[in-house]
>>> print(open('final.cif').read())   # mmCIF, C-alpha atoms
data_start
loop_
_atom_site.label_atom_id
_atom_site.label_comp_id
_atom_site.auth_asym_id
_atom_site.auth_seq_id
_atom_site.Cartn_x
_atom_site.Cartn_y
_atom_site.Cartn_z
CA MET A 1069 24.16 -52.90 -16.73
CA ALA A 1070 25.94 -50.35 -18.88
CA THR A 1071 25.60 -46.79 -17.69
CA THR A 1072 27.65 -44.73 -20.15
CA SER A 1073 27.74 -44.08 -23.85
CA HIS A 1074 29.97 -42.18 -26.22
CA TYR A 1075 27.87 -40.88 -29.06
CA GLY A 1076 29.17 -37.34 -28.69
CA PRO A 1077 27.30 -34.34 -27.32
CA SER A 1078 24.10 -33.49 -29.18
CA SER A 1079 25.15 -29.91 -29.79
CA SER A 1080 25.94 -27.86 -32.89
CA SER A 1081 28.89 -25.47 -33.09
CA LEU A 1082 26.40 -22.57 -33.07
CA GLU A 1083 24.94 -23.78 -29.78
CA ARG A 1084 28.39 -24.21 -28.24
CA ASP A 1085 29.32 -20.65 -29.27
CA ALA A 1086 26.11 -19.36 -27.68
CA ARG A 1087 26.95 -21.13 -24.44
CA ARG A 1088 30.40 -19.52 -24.37
CA ILE A 1089 28.80 -16.10 -24.77
CA HIS A 1090 26.52 -16.77 -21.77
CA ASP A 1091 29.20 -18.59 -19.80
CA ASP A 1092 29.21 -15.95 -17.03
CA LYS A 1093 25.41 -15.94 -16.65
CA PRO A 1094 24.36 -19.04 -14.72
CA VAL A 1095 20.69 -19.93 -14.99
CA SER A 1096 18.69 -20.43 -11.82
CA PRO A 1097 16.37 -23.40 -11.15
CA GLY A 1098 13.51 -20.88 -11.15
CA SER A 1099 14.31 -19.79 -14.70
CA ILE A 1100 14.54 -23.40 -15.80
CA ALA A 1101 11.18 -24.08 -14.17
CA ILE A 1102 9.48 -21.22 -16.01
CA GLY A 1103 10.89 -22.38 -19.34
CA VAL A 1104 9.83 -25.95 -18.70
CA VAL A 1105 6.26 -24.95 -17.74
CA ILE A 1106 5.91 -22.74 -20.83
CA GLY A 1107 7.15 -25.55 -23.05
CA ARG A 1108 4.84 -28.17 -21.61
CA MET A 1109 1.89 -25.78 -21.59
CA SER A 1110 2.29 -25.13 -25.31
CA GLU A 1111 2.36 -28.86 -26.10
CA PHE A 1112 -0.70 -29.64 -24.03
CA PHE A 1113 -2.54 -26.61 -25.40
CA ASP A 1114 -2.08 -27.90 -28.94
CA PHE A 1115 -3.33 -31.34 -27.99
CA PHE A 1116 -6.27 -30.11 -25.93
CA VAL A 1117 -7.41 -27.69 -28.62
CA TYR A 1118 -7.64 -30.69 -30.91
CA GLY A 1119 -9.23 -32.86 -28.21
CA LEU A 1120 -11.98 -30.34 -27.47
CA ALA A 1121 -12.68 -29.85 -31.18
CA SER A 1122 -12.94 -33.63 -31.58
CA VAL A 1123 -16.08 -33.39 -29.42
CA LEU A 1124 -17.48 -29.97 -30.29
CA VAL A 1125 -16.66 -29.60 -33.99
CA PHE A 1126 -15.40 -32.55 -35.98
CA PRO A 1127 -18.39 -34.91 -35.54
CA GLN A 1128 -20.55 -32.33 -37.33
CA LEU A 1129 -17.99 -30.72 -39.65
CA ILE A 1130 -15.98 -33.76 -40.78
CA PHE A 1131 -18.39 -36.63 -40.17
CA PRO A 1132 -21.87 -35.26 -40.98
CA PHE A 1133 -22.62 -38.50 -42.85
CA ALA A 1134 -22.47 -40.56 -39.63
CA PRO A 1135 -25.84 -42.11 -38.73
CA ASP A 1136 -25.85 -40.36 -35.35
CA ARG A 1137 -23.79 -37.98 -33.20
CA LEU A 1138 -22.32 -40.86 -31.17
CA THR A 1139 -20.90 -42.55 -34.26
CA GLY A 1140 -19.48 -39.25 -35.50
CA THR A 1141 -17.79 -38.68 -32.13
CA LEU A 1142 -16.30 -42.18 -32.18
CA TYR A 1143 -14.91 -41.53 -35.68
CA SER A 1144 -13.45 -38.29 -34.37
CA PHE A 1145 -11.87 -40.05 -31.36
CA ALA A 1146 -10.33 -42.63 -33.70
CA ILE A 1147 -8.44 -39.85 -35.49
CA PHE A 1148 -7.62 -38.33 -32.08
CA SER A 1149 -5.65 -41.52 -31.33
CA LEU A 1150 -3.42 -41.21 -34.41
CA ALA A 1151 -1.12 -38.66 -32.77
CA PHE A 1152 -0.12 -41.14 -30.10
CA LEU A 1153 0.80 -43.71 -32.75
CA ALA A 1154 2.96 -41.15 -34.57
CA ARG A 1155 4.71 -39.87 -31.46
CA PRO A 1156 7.27 -42.73 -31.04
CA VAL A 1157 8.11 -42.46 -34.74
CA GLY A 1158 8.73 -38.76 -34.29
CA SER A 1159 11.03 -39.45 -31.36
CA VAL A 1160 13.17 -41.84 -33.41
CA VAL A 1161 13.45 -39.45 -36.38
CA PHE A 1162 14.13 -36.34 -34.32
CA MET A 1163 16.73 -38.09 -32.15
CA THR A 1164 18.72 -38.55 -35.36
CA ILE A 1165 18.31 -34.84 -36.18
CA ASP A 1166 19.41 -34.07 -32.63
CA ARG A 1167 22.64 -36.07 -32.99
CA LEU A 1168 23.46 -34.66 -36.43
CA TYR A 1169 22.44 -31.02 -36.15
CA GLY A 1170 21.92 -30.21 -32.46
CA ARG A 1171 19.13 -29.80 -29.95
CA GLY A 1172 18.25 -26.27 -31.09
CA THR A 1173 17.71 -27.32 -34.70
CA LYS A 1174 15.63 -30.26 -33.59
CA LEU A 1175 13.38 -28.15 -31.37
CA THR A 1176 12.94 -25.45 -34.00
CA ILE A 1177 11.79 -27.96 -36.62
CA ALA A 1178 9.59 -29.87 -34.16
CA LEU A 1179 7.81 -26.85 -32.70
CA PHE A 1180 7.20 -25.22 -36.08
CA LEU A 1181 5.78 -28.53 -37.28
CA LEU A 1182 3.65 -28.84 -34.15
CA GLY A 1183 2.34 -25.29 -34.38
CA GLY A 1184 1.95 -25.51 -38.14
CA SER A 1185 0.00 -28.77 -37.98
CA THR A 1186 -2.30 -27.33 -35.33
CA ALA A 1187 -2.81 -23.99 -37.09
CA SER A 1188 -3.46 -25.75 -40.40
CA ILE A 1189 -6.55 -27.37 -38.91
CA ALA A 1190 -8.03 -23.88 -38.61
CA PHE A 1191 -8.24 -23.70 -42.42
CA LEU A 1192 -9.77 -27.15 -42.82
CA PRO A 1193 -12.89 -27.26 -45.04
CA GLY A 1194 -15.70 -29.55 -43.97
CA TYR A 1195 -16.88 -32.79 -45.52
CA ASN A 1196 -19.70 -30.98 -47.31
CA GLU A 1197 -17.11 -28.86 -49.15
CA ILE A 1198 -14.38 -31.33 -50.16
CA GLY A 1199 -15.73 -34.72 -49.18
CA VAL A 1200 -13.41 -37.45 -47.98
CA TRP A 1201 -10.39 -35.17 -48.39
CA SER A 1202 -11.45 -33.36 -45.22
CA ILE A 1203 -11.03 -36.63 -43.29
CA ALA A 1204 -7.67 -37.32 -44.93
CA LEU A 1205 -6.36 -33.83 -44.16
CA LEU A 1206 -7.56 -33.97 -40.56
CA ALA A 1207 -5.80 -37.32 -40.11
CA LEU A 1208 -2.64 -35.92 -41.72
CA PHE A 1209 -2.56 -32.86 -39.46
CA ARG A 1210 -3.22 -35.02 -36.41
CA LEU A 1211 -0.35 -37.32 -37.37
CA GLY A 1212 1.77 -34.20 -37.82
CA GLN A 1213 0.94 -33.12 -34.26
CA GLY A 1214 1.99 -36.46 -32.83
CA PHE A 1215 5.12 -36.73 -34.98
CA ALA A 1216 6.20 -33.23 -33.95
CA LEU A 1217 5.49 -33.84 -30.28
CA GLY A 1218 7.89 -36.78 -30.40
CA GLY A 1219 10.55 -34.34 -31.53
CA ALA A 1220 9.68 -31.71 -28.93
CA TRP A 1221 11.25 -33.74 -26.11
CA ASP A 1222 13.96 -31.33 -25.00
CA GLY A 1223 15.52 -32.76 -21.84
CA LEU A 1224 14.66 -29.62 -19.88
CA ALA A 1225 12.71 -31.57 -17.25
CA SER A 1226 15.86 -33.63 -16.67
CA LEU A 1227 17.91 -30.43 -16.55
CA LEU A 1228 15.57 -29.17 -13.86
CA ALA A 1229 15.71 -32.45 -11.92
CA LEU A 1230 19.50 -32.66 -12.11
CA ASN A 1231 19.79 -29.10 -10.75
CA ALA A 1232 17.28 -29.75 -7.96
CA PRO A 1233 18.33 -30.07 -4.30
CA ALA A 1234 18.53 -33.72 -3.22
CA LYS A 1235 15.72 -33.40 -0.69
CA HIS A 1236 13.33 -31.68 -3.09
CA ARG A 1237 13.34 -34.00 -6.12
CA GLY A 1238 9.59 -34.56 -5.84
CA TRP A 1239 8.93 -30.83 -5.77
CA TYR A 1240 10.99 -30.19 -8.90
CA ALA A 1241 9.57 -33.27 -10.66
CA MET A 1242 6.04 -31.89 -10.42
CA ILE A 1243 6.88 -28.51 -11.99
CA PRO A 1244 6.80 -29.67 -15.66
CA GLN A 1245 3.44 -31.34 -15.01
CA LEU A 1246 1.82 -27.98 -14.30
CA GLY A 1247 1.83 -27.37 -18.04
CA ALA A 1248 -0.99 -29.89 -18.55
CA PRO A 1249 -3.78 -28.25 -16.49
CA ILE A 1250 -2.64 -24.77 -17.56
CA GLY A 1251 -2.80 -25.78 -21.22
CA PHE A 1252 -6.18 -27.43 -20.71
CA ALA A 1253 -7.60 -24.43 -18.85
CA LEU A 1254 -6.46 -22.04 -21.58
CA ALA A 1255 -7.87 -24.23 -24.37
CA SER A 1256 -11.16 -24.72 -22.50
CA THR A 1257 -11.47 -21.00 -21.78
CA LEU A 1258 -11.04 -20.10 -25.44
CA PHE A 1259 -13.48 -22.72 -26.68
CA GLY A 1260 -15.93 -22.01 -23.86
CA TYR A 1261 -16.00 -18.31 -24.75
CA PHE A 1262 -16.93 -18.97 -28.37
CA VAL A 1263 -19.42 -21.71 -27.48
CA ALA A 1264 -21.19 -19.43 -24.99
CA ASN A 1265 -21.25 -16.29 -27.14
CA LEU A 1266 -21.88 -17.55 -30.66
CA SER A 1267 -24.77 -19.31 -32.28
CA ASN A 1268 -24.15 -22.94 -33.17
CA GLU A 1269 -24.00 -21.98 -36.86
CA ASP A 1270 -21.38 -19.27 -36.31
CA PHE A 1271 -19.34 -21.46 -34.00
CA LEU A 1272 -19.20 -24.30 -36.53
CA SER A 1273 -18.53 -21.88 -39.37
CA TRP A 1274 -15.67 -19.80 -37.96
CA GLY A 1275 -15.64 -19.52 -34.15
CA TRP A 1276 -13.91 -22.85 -33.47
CA ARG A 1277 -10.99 -21.90 -35.71
CA TYR A 1278 -9.57 -19.15 -33.48
CA PRO A 1279 -8.05 -21.40 -30.78
CA PHE A 1280 -6.11 -23.20 -33.52
CA PHE A 1281 -4.68 -19.87 -34.70
CA VAL A 1282 -3.58 -19.07 -31.15
CA ALA A 1283 -1.66 -22.36 -30.97
CA PHE A 1284 0.97 -21.23 -33.48
CA ALA A 1285 1.73 -18.03 -31.55
CA ILE A 1286 2.02 -19.96 -28.28
CA ASN A 1287 4.46 -22.40 -29.89
CA VAL A 1288 6.68 -19.55 -31.10
CA VAL A 1289 6.85 -18.13 -27.57
CA ALA A 1290 7.58 -21.61 -26.18
CA LEU A 1291 10.33 -22.16 -28.76
CA PHE A 1292 12.26 -19.07 -27.68
CA ALA A 1293 11.82 -19.94 -24.00
CA ARG A 1294 13.22 -23.42 -24.59
CA LEU A 1295 16.06 -22.36 -26.88
CA ARG A 1296 17.20 -19.91 -24.22
CA LEU A 1297 17.66 -22.80 -21.80
CA VAL A 1298 19.27 -25.09 -24.38
CA MET A 1299 21.93 -22.39 -24.91
CA THR A 1300 22.87 -22.22 -21.22
CA LYS A 1301 26.15 -23.39 -19.75
CA GLU A 1302 24.31 -25.79 -17.43
CA PHE A 1303 22.67 -27.57 -20.37
CA GLY A 1304 25.98 -27.79 -22.22
CA THR A 1305 27.75 -29.22 -19.19
CA LEU A 1306 25.18 -32.00 -18.86
CA LEU A 1307 25.53 -32.75 -22.58
CA GLU A 1308 29.30 -33.08 -22.16
CA GLN A 1309 28.73 -35.40 -19.21
CA HIS A 1310 26.44 -37.57 -21.42
CA GLU A 1311 23.45 -36.79 -19.20
CA LEU A 1312 21.27 -35.25 -21.92
CA GLU A 1313 22.69 -36.61 -25.17
CA ALA A 1314 20.55 -38.36 -27.77
CA ALA A 1315 21.48 -42.04 -28.11
CA PRO A 1316 20.33 -44.32 -30.96
CA ILE A 1317 17.05 -45.96 -29.99
CA LEU A 1318 18.29 -49.47 -30.81
CA ASP A 1319 21.18 -49.06 -28.37
CA VAL A 1320 18.81 -47.82 -25.68
CA LEU A 1321 16.46 -50.77 -26.26
CA ARG A 1322 19.38 -53.20 -26.07
CA VAL A 1323 20.60 -51.85 -22.74
CA HIS A 1324 17.35 -50.63 -21.15
CA GLY A 1325 14.57 -52.49 -22.96
CA ARG A 1326 13.22 -53.95 -19.73
CA ASP A 1327 13.32 -50.56 -18.01
CA ILE A 1328 11.39 -48.97 -20.89
CA LEU A 1329 8.70 -51.64 -20.63
CA ILE A 1330 8.35 -51.27 -16.86
CA GLY A 1331 8.55 -47.48 -17.06
CA ALA A 1332 5.72 -47.38 -19.60
CA PHE A 1333 3.38 -49.14 -17.18
CA VAL A 1334 4.32 -47.29 -13.97
CA PRO A 1335 2.33 -44.10 -14.83
CA LEU A 1336 -0.51 -46.00 -16.51
CA ALA A 1337 -3.11 -45.25 -13.81
CA SER A 1338 -2.44 -41.54 -14.15
CA PHE A 1339 -2.30 -41.51 -17.93
CA ALA A 1340 -5.43 -43.65 -18.26
CA MET A 1341 -7.27 -41.15 -16.08
CA PHE A 1342 -5.85 -38.16 -17.96
CA HIS A 1343 -8.36 -38.11 -20.84
CA LEU A 1344 -11.16 -39.60 -18.74
CA VAL A 1345 -11.48 -36.35 -16.77
CA THR A 1346 -10.79 -33.99 -19.69
CA ILE A 1347 -12.05 -35.17 -23.10
CA PHE A 1348 -14.38 -38.06 -22.22
CA PRO A 1349 -16.74 -36.16 -19.84
CA LEU A 1350 -17.17 -33.39 -22.41
CA GLY A 1351 -18.08 -36.02 -25.00
CA TRP A 1352 -20.54 -37.71 -22.66
CA MET A 1353 -22.15 -34.39 -21.70
CA SER A 1354 -22.51 -33.33 -25.35
CA LEU A 1355 -24.24 -36.62 -26.16
CA TYR A 1356 -26.30 -37.43 -23.09
CA GLY A 1357 -26.26 -34.45 -20.74
CA ASN A 1358 -28.62 -31.47 -20.54
CA GLN A 1359 -26.21 -28.92 -19.09
CA PRO A 1360 -25.14 -26.10 -21.47
CA ILE A 1361 -21.73 -26.93 -22.91
CA GLY A 1362 -20.39 -23.46 -22.15
CA ALA A 1363 -21.33 -23.82 -18.48
CA PHE A 1364 -19.81 -27.28 -18.29
CA MET A 1365 -16.54 -26.02 -19.76
CA VAL A 1366 -16.38 -23.50 -16.91
CA VAL A 1367 -16.57 -26.48 -14.55
CA GLN A 1368 -13.71 -28.09 -16.44
CA VAL A 1369 -11.60 -24.96 -15.99
CA VAL A 1370 -12.36 -25.08 -12.25
CA GLY A 1371 -11.29 -28.73 -12.30
CA ALA A 1372 -8.01 -27.75 -13.97
CA MET A 1373 -7.38 -25.23 -11.17
CA VAL A 1374 -7.94 -27.99 -8.62
CA GLY A 1375 -5.51 -30.12 -10.61
CA ILE A 1376 -2.85 -27.40 -10.35
CA VAL A 1377 -3.23 -27.35 -6.57
CA THR A 1378 -2.97 -31.13 -6.22
CA ILE A 1379 0.01 -31.34 -8.59
CA ILE A 1380 1.81 -28.89 -6.31
CA ALA A 1381 0.73 -30.96 -3.31
CA SER A 1382 2.14 -34.08 -4.96
CA GLY A 1383 5.61 -32.56 -4.88
CA LEU A 1384 5.39 -31.90 -1.14
CA ILE A 1385 4.03 -35.38 -0.42
CA ALA A 1386 6.60 -37.16 -2.61
CA ASP A 1387 9.46 -35.41 -0.80
CA ARG A 1388 8.10 -36.74 2.50
CA ILE A 1389 7.13 -40.32 1.64
CA GLY A 1390 8.99 -41.01 -1.62
CA ARG A 1391 7.81 -41.04 -5.24
CA ARG A 1392 7.13 -44.79 -5.37
CA ALA A 1393 4.93 -44.73 -2.29
CA GLN A 1394 3.16 -41.65 -3.67
CA LEU A 1395 2.39 -43.37 -6.98
CA ALA A 1396 1.25 -46.57 -5.27
CA ILE A 1397 -1.12 -44.73 -2.93
CA CYS A 1398 -2.50 -42.71 -5.83
CA ALA A 1399 -3.05 -45.88 -7.87
CA VAL A 1400 -5.15 -47.25 -5.01
CA ILE A 1401 -7.12 -43.96 -4.87
CA ILE A 1402 -7.67 -44.14 -8.65
CA ALA A 1403 -8.87 -47.75 -8.24
CA ILE A 1404 -11.43 -46.54 -5.69
CA PHE A 1405 -12.42 -43.67 -7.96
CA SER A 1406 -12.99 -46.17 -10.79
CA PHE A 1407 -16.03 -47.43 -8.84
CA VAL A 1408 -17.21 -44.02 -7.62
CA GLY A 1409 -16.74 -42.11 -10.89
CA PRO A 1410 -19.39 -43.88 -12.99
CA ILE A 1411 -21.93 -43.38 -10.20
CA LEU A 1412 -21.20 -39.65 -10.22
CA ILE A 1413 -21.58 -39.37 -13.99
CA ALA A 1414 -24.91 -41.18 -13.86
CA SER A 1415 -26.33 -38.94 -11.13
CA GLY A 1416 -27.08 -35.85 -13.22
CA ASN A 1417 -25.40 -32.51 -13.80
CA SER A 1418 -24.12 -32.05 -10.25
CA GLY A 1419 -22.65 -35.53 -10.25
CA HIS A 1420 -21.07 -34.94 -13.63
CA ASP A 1421 -19.48 -31.74 -12.32
CA ALA A 1422 -18.27 -33.55 -9.22
CA PHE A 1423 -16.71 -36.25 -11.40
CA VAL A 1424 -14.63 -33.64 -13.19
CA ILE A 1425 -13.54 -31.67 -10.12
CA ILE A 1426 -12.80 -34.68 -7.91
CA GLY A 1427 -11.22 -36.47 -10.86
CA PHE A 1428 -8.85 -33.58 -11.52
CA GLY A 1429 -7.92 -33.55 -7.84
CA VAL A 1430 -7.03 -37.24 -7.87
CA LEU A 1431 -5.32 -36.92 -11.25
CA GLY A 1432 -3.09 -34.10 -10.01
CA LEU A 1433 -1.79 -36.10 -7.05
CA SER A 1434 -0.76 -38.93 -9.37
CA PHE A 1435 0.18 -37.03 -12.52
CA GLY A 1436 2.46 -34.70 -10.57
CA GLN A 1437 4.98 -37.51 -10.09
CA ALA A 1438 4.20 -39.69 -13.12
CA THR A 1439 6.86 -38.37 -15.49
CA GLY A 1440 9.53 -38.26 -12.79
CA SER A 1441 9.14 -42.01 -12.37
CA ILE A 1442 9.89 -42.67 -16.04
CA SER A 1443 13.57 -41.70 -16.12
CA SER A 1444 14.63 -43.00 -12.71
CA ARG A 1445 16.18 -46.30 -13.91
CA PHE A 1446 18.12 -45.05 -16.95
CA GLY A 1447 21.89 -44.78 -16.82
CA ARG A 1448 23.95 -41.83 -17.96
CA GLY A 1449 23.97 -41.51 -21.74
CA TYR A 1450 20.66 -43.31 -22.08
CA ARG A 1451 18.42 -41.18 -19.86
CA TYR A 1452 17.37 -38.60 -22.46
CA THR A 1453 16.38 -41.01 -25.23
CA GLY A 1454 15.12 -43.69 -22.85
CA ALA A 1455 12.84 -41.29 -20.99
CA ALA A 1456 11.47 -39.90 -24.28
CA PHE A 1457 10.64 -43.31 -25.72
CA THR A 1458 9.21 -44.57 -22.43
CA SER A 1459 6.96 -41.53 -22.19
CA ASP A 1460 5.79 -42.10 -25.78
CA LEU A 1461 4.80 -45.68 -25.00
CA ALA A 1462 3.13 -44.75 -21.71
CA TRP A 1463 0.97 -42.12 -23.41
CA LEU A 1464 0.14 -44.51 -26.25
CA ILE A 1465 -0.90 -47.37 -23.97
CA GLY A 1466 -2.50 -45.34 -21.21
CA ALA A 1467 -4.08 -42.30 -22.83
CA GLY A 1468 -4.05 -42.50 -26.61
CA PHE A 1469 -7.18 -44.61 -27.00
CA ALA A 1470 -8.86 -43.68 -23.70
CA PRO A 1471 -11.64 -41.42 -25.10
CA LEU A 1472 -12.44 -43.89 -27.90
CA VAL A 1473 -12.47 -46.95 -25.64
CA ALA A 1474 -14.31 -45.27 -22.77
CA LEU A 1475 -17.06 -43.83 -24.97
CA SER A 1476 -17.42 -47.08 -26.93
CA LEU A 1477 -17.72 -49.21 -23.79
CA SER A 1478 -19.98 -46.84 -21.87
CA SER A 1479 -22.39 -46.22 -24.74
CA ARG A 1480 -22.70 -49.93 -25.47
CA PHE A 1481 -22.40 -51.62 -22.09
CA GLY A 1482 -22.94 -48.84 -19.55
CA LEU A 1483 -20.89 -46.40 -17.48
CA PRO A 1484 -19.43 -49.03 -15.10
CA PHE A 1485 -17.17 -50.14 -17.97
CA VAL A 1486 -15.45 -46.75 -17.86
CA GLY A 1487 -14.55 -47.63 -14.30
CA TYR A 1488 -13.28 -51.07 -15.31
CA TYR A 1489 -11.03 -49.45 -17.91
CA LEU A 1490 -9.64 -47.07 -15.29
CA LEU A 1491 -9.24 -49.91 -12.81
CA SER A 1492 -7.08 -51.82 -15.29
CA GLY A 1493 -4.71 -48.86 -15.41
CA ALA A 1494 -4.45 -48.76 -11.61
CA ILE A 1495 -3.69 -52.49 -11.49
CA CYS A 1496 -0.98 -52.09 -14.15
CA THR A 1497 0.67 -49.28 -12.16
CA LEU A 1498 0.71 -51.30 -8.93
CA ALA A 1499 2.07 -54.36 -10.75
CA ALA A 1500 4.79 -52.32 -12.48
CA LEU A 1501 5.84 -50.69 -9.19
CA ALA A 1502 6.04 -54.08 -7.48
CA PHE A 1503 8.02 -55.59 -10.35
CA SER A 1504 10.39 -52.61 -10.45
CA ARG A 1505 11.06 -52.90 -6.74
CA ALA A 1506 11.69 -56.65 -7.01
CA LEU A 1507 14.23 -56.02 -9.77
CA GLU A 1508 16.04 -53.38 -7.72
CA GLN A 1509 16.29 -55.73 -4.76
CA ARG A 1510 17.64 -58.49 -7.00
CA GLU A 1511 20.22 -56.16 -8.53
#
>>> encode(input="final.cif", output="structure tokens")
Amino acid sequence: MATTSHYGPSSSSLERDARRIHDDKPVSPGSIAIGVVIGRMSEFFDFFVYGLASVLVFPQLIFPFAPDRLTGTLYSFAIFSLAFLARPVGSVVFMTIDRLYGRGTKLTIALFLLGGSTASIAFLPGYNEIGVWSIALLALFRLGQGFALGGAWDGLASLLALNAPAKHRGWYAMIPQLGAPIGFALASTLFGYFVANLSNEDFLSWGWRYPFFVAFAINVVALFARLRLVMTKEFGTLLEQHELEAAPILDVLRVHGRDILIGAFVPLASFAMFHLVTIFPLGWMSLYGNQPIGAFMVVQVVGAMVGIVTIIASGLIADRIGRRAQLAICAVIIAIFSFVGPILIASGNSGHDAFVIIGFGVLGLSFGQATGSISSRFGRGYRYTGAAFTSDLAWLIGAGFAPLVALSLSSRFGLPFVGYYLLSGAICTLAALAFSRALEQRE
């Protein structure tokens, strides 16, 4: 299997000059970690702001013509899925920009597009004002989010991993994953505040728009944090060694097509669970629960805090037993939870709250090592592009349609079908891990 490529470093002359200026200022792993967490937090904040609005706002604002609230929510979840379809396309396009104009240019365009697409939703008129154009614009902005997120892949997680001590790879692999619960907690706190303190009329008129405004400011902060790391000597050195360069996707598929396919299924249990403990329970509560939405969003924030703790724990555990064993054990736990979870949801408000908090705890243990597993089989020169495209496919297959499928199945056939959907993800993860190990032994 080929392990090198020669496409030239993905770096502009401006970036190389910046690295020479900072040549005597080495960056610490701690600084890299902070930059990575800020970057991931901004991405997840943008996506969760949209996800929460797809339950709390869009069914009434964009789909008031739906025969019932359930149908409106399903329409909203269908548009939610569009971003995950656009993300691989964004990766392909922005990899070309990366090779031609440099990583800094790529990130600047991608993050302004991501923040701009998210902030534009704040100005969106409802269906009663502009009719079907409100649906078209919402779909366009959602596609813009996904397209931009494909371009926001920066290689900083790999920079962090490649600068990590050999015995602490699991610990450093979990650090980027902290951005997800932090972004979710921030988005939920903002929405929860407006839901709890405004009338339904005021919230639907103007209150829901503020979190979308905040997204643009967060993306600007994240852009500067990430550009600072892209301009470091350490990043430039890894580019010159072909560790973080952007390779053409067709070349990566030719050399590592099998690894991309396997890598997309390894984190499936974690990614399938991702939206089932964040977006889906909020949708179910808004449709069938009797707990105030503001109070339930506080529970979700508590769940996110639990997720932070278990993500940190995943790093400690992975360094002791290995990432593969960690992911396999977590897949088994998720399989067990797939039977317990629907029972909790069906047992009233306390059970619903327990589903979220326990679910976040289980998710954190698995999600903390999920992304680290994606890039482990890629050779030098292919790791950056291969990991990006594998992550795109994993999110598309595992998480992109999860709220839509889970709500459709549960509302039509009953809550146990949410568990069956989650169980399928756990089975896919275990199968992919077994297949990956068999291939390694054969090689």
>>> closest_residue(input="final.cif", among="A:Gly1383, A:Pro1279, A:Gly1416, A:Pro1349", to="Leu1475 of chain A", atoms="only C-alpha atoms")
A:Pro1349
>>> residues_around(input="final.cif", residues="segment 1424-1431 of chain A", least_positions_apart="2", cutoff="7 Å", atoms="only C-alpha atoms", output="list in words")
Ser1338, Met1341, Phe1342, Val1345, Gln1368, Gly1371, Ala1372, Val1374, Gly1375, Thr1378, Ile1402, His1420, Asp1421, Ala1422, Leu1433, Ser1434 and Phe1435 of chain A
>>> atom_distance(input="final.cif", atom1="atom CA of Ile1328 of chain A", atom2="atom CA of Leu1344 of chain A")
24.5 Å
>>> closest_residue(input="final.cif", among="A:Leu1491, A:Leu1329, A:Ala1220, A:Leu1350", to="Ser1122 of chain A", atoms="only C-alpha atoms")
A:Leu1350
>>> residues_near_point(input="final.cif", point="(15.3, -51.3, -24.1)", cutoff="12 Å", atoms="only C-alpha atoms", output="JSON, numbers by chain")
{"A": [1069, 1070, 1315, 1316, 1317, 1318, 1319, 1320, 1321, 1322, 1323, 1324, 1325, 1326, 1327, 1328, 1329, 1330, 1331, 1332, 1445, 1446, 1447, 1450, 1451, 1453, 1454, 1455, 1457, 1458, 1461]}
>>> atom_distance(input="final.cif", atom1="atom CA of Pro1335 of chain A", atom2="atom CA of Phe1113 of chain A")
21.0 Å
>>> atom_distance(input="final.cif", atom1="atom CA of Tyr1195 of chain A", atom2="atom CA of Phe1131 of chain A")
6.8 Å
>>> resolve_selection(input="final.cif", expression="the PyMOL selection byres ((chain A and resi 1487) around 9)", output="ChimeraX atom specification")
/A:1403,1405-1410,1474,1483-1486,1488-1492
>>> decode(input="final.cif", residues="segment 1472-1481 of chain A", atoms="N, CA and C atoms", output="PDB file, in the first residue's frame")
ATOM      1  N   LEU A1472     -34.699  12.361  11.715  1.00  0.00           N
ATOM      2  CA  LEU A1472     -35.807  12.084  10.802  1.00  0.00           C
ATOM      3  C   LEU A1472     -36.253  10.634  10.897  1.00  0.00           C
ATOM      4  N   VAL A1473     -35.290   9.718  10.846  1.00  0.00           N
ATOM      5  CA  VAL A1473     -35.621   8.291  10.886  1.00  0.00           C
ATOM      6  C   VAL A1473     -36.191   7.905  12.242  1.00  0.00           C
ATOM      7  N   ALA A1474     -35.552   8.368  13.321  1.00  0.00           N
ATOM      8  CA  ALA A1474     -35.994   7.996  14.662  1.00  0.00           C
ATOM      9  C   ALA A1474     -37.403   8.503  14.952  1.00  0.00           C
ATOM     10  N   LEU A1475     -37.688   9.751  14.590  1.00  0.00           N
ATOM     11  CA  LEU A1475     -39.018  10.293  14.855  1.00  0.00           C
ATOM     12  C   LEU A1475     -40.067   9.636  13.954  1.00  0.00           C
ATOM     13  N   SER A1476     -39.707   9.353  12.717  1.00  0.00           N
ATOM     14  CA  SER A1476     -40.643   8.683  11.809  1.00  0.00           C
ATOM     15  C   SER A1476     -41.007   7.297  12.328  1.00  0.00           C
ATOM     16  N   LEU A1477     -39.986   6.528  12.693  1.00  0.00           N
ATOM     17  CA  LEU A1477     -40.223   5.157  13.154  1.00  0.00           C
ATOM     18  C   LEU A1477     -40.984   5.141  14.475  1.00  0.00           C
ATOM     19  N   SER A1478     -40.561   5.980  15.415  1.00  0.00           N
ATOM     20  CA  SER A1478     -41.175   5.938  16.747  1.00  0.00           C
ATOM     21  C   SER A1478     -42.619   6.416  16.721  1.00  0.00           C
ATOM     22  N   SER A1479     -42.910   7.436  15.916  1.00  0.00           N
ATOM     23  CA  SER A1479     -44.278   7.948  15.865  1.00  0.00           C
ATOM     24  C   SER A1479     -45.219   6.986  15.138  1.00  0.00           C
ATOM     25  N   ARG A1480     -44.668   6.185  14.246  1.00  0.00           N
ATOM     26  CA  ARG A1480     -45.514   5.275  13.473  1.00  0.00           C
ATOM     27  C   ARG A1480     -45.579   3.881  14.074  1.00  0.00           C
ATOM     28  N   PHE A1481     -44.427   3.387  14.538  1.00  0.00           N
ATOM     29  CA  PHE A1481     -44.375   1.996  15.002  1.00  0.00           C
ATOM     30  C   PHE A1481     -44.108   1.847  16.496  1.00  0.00           C
TER      31      PHE A1481
END
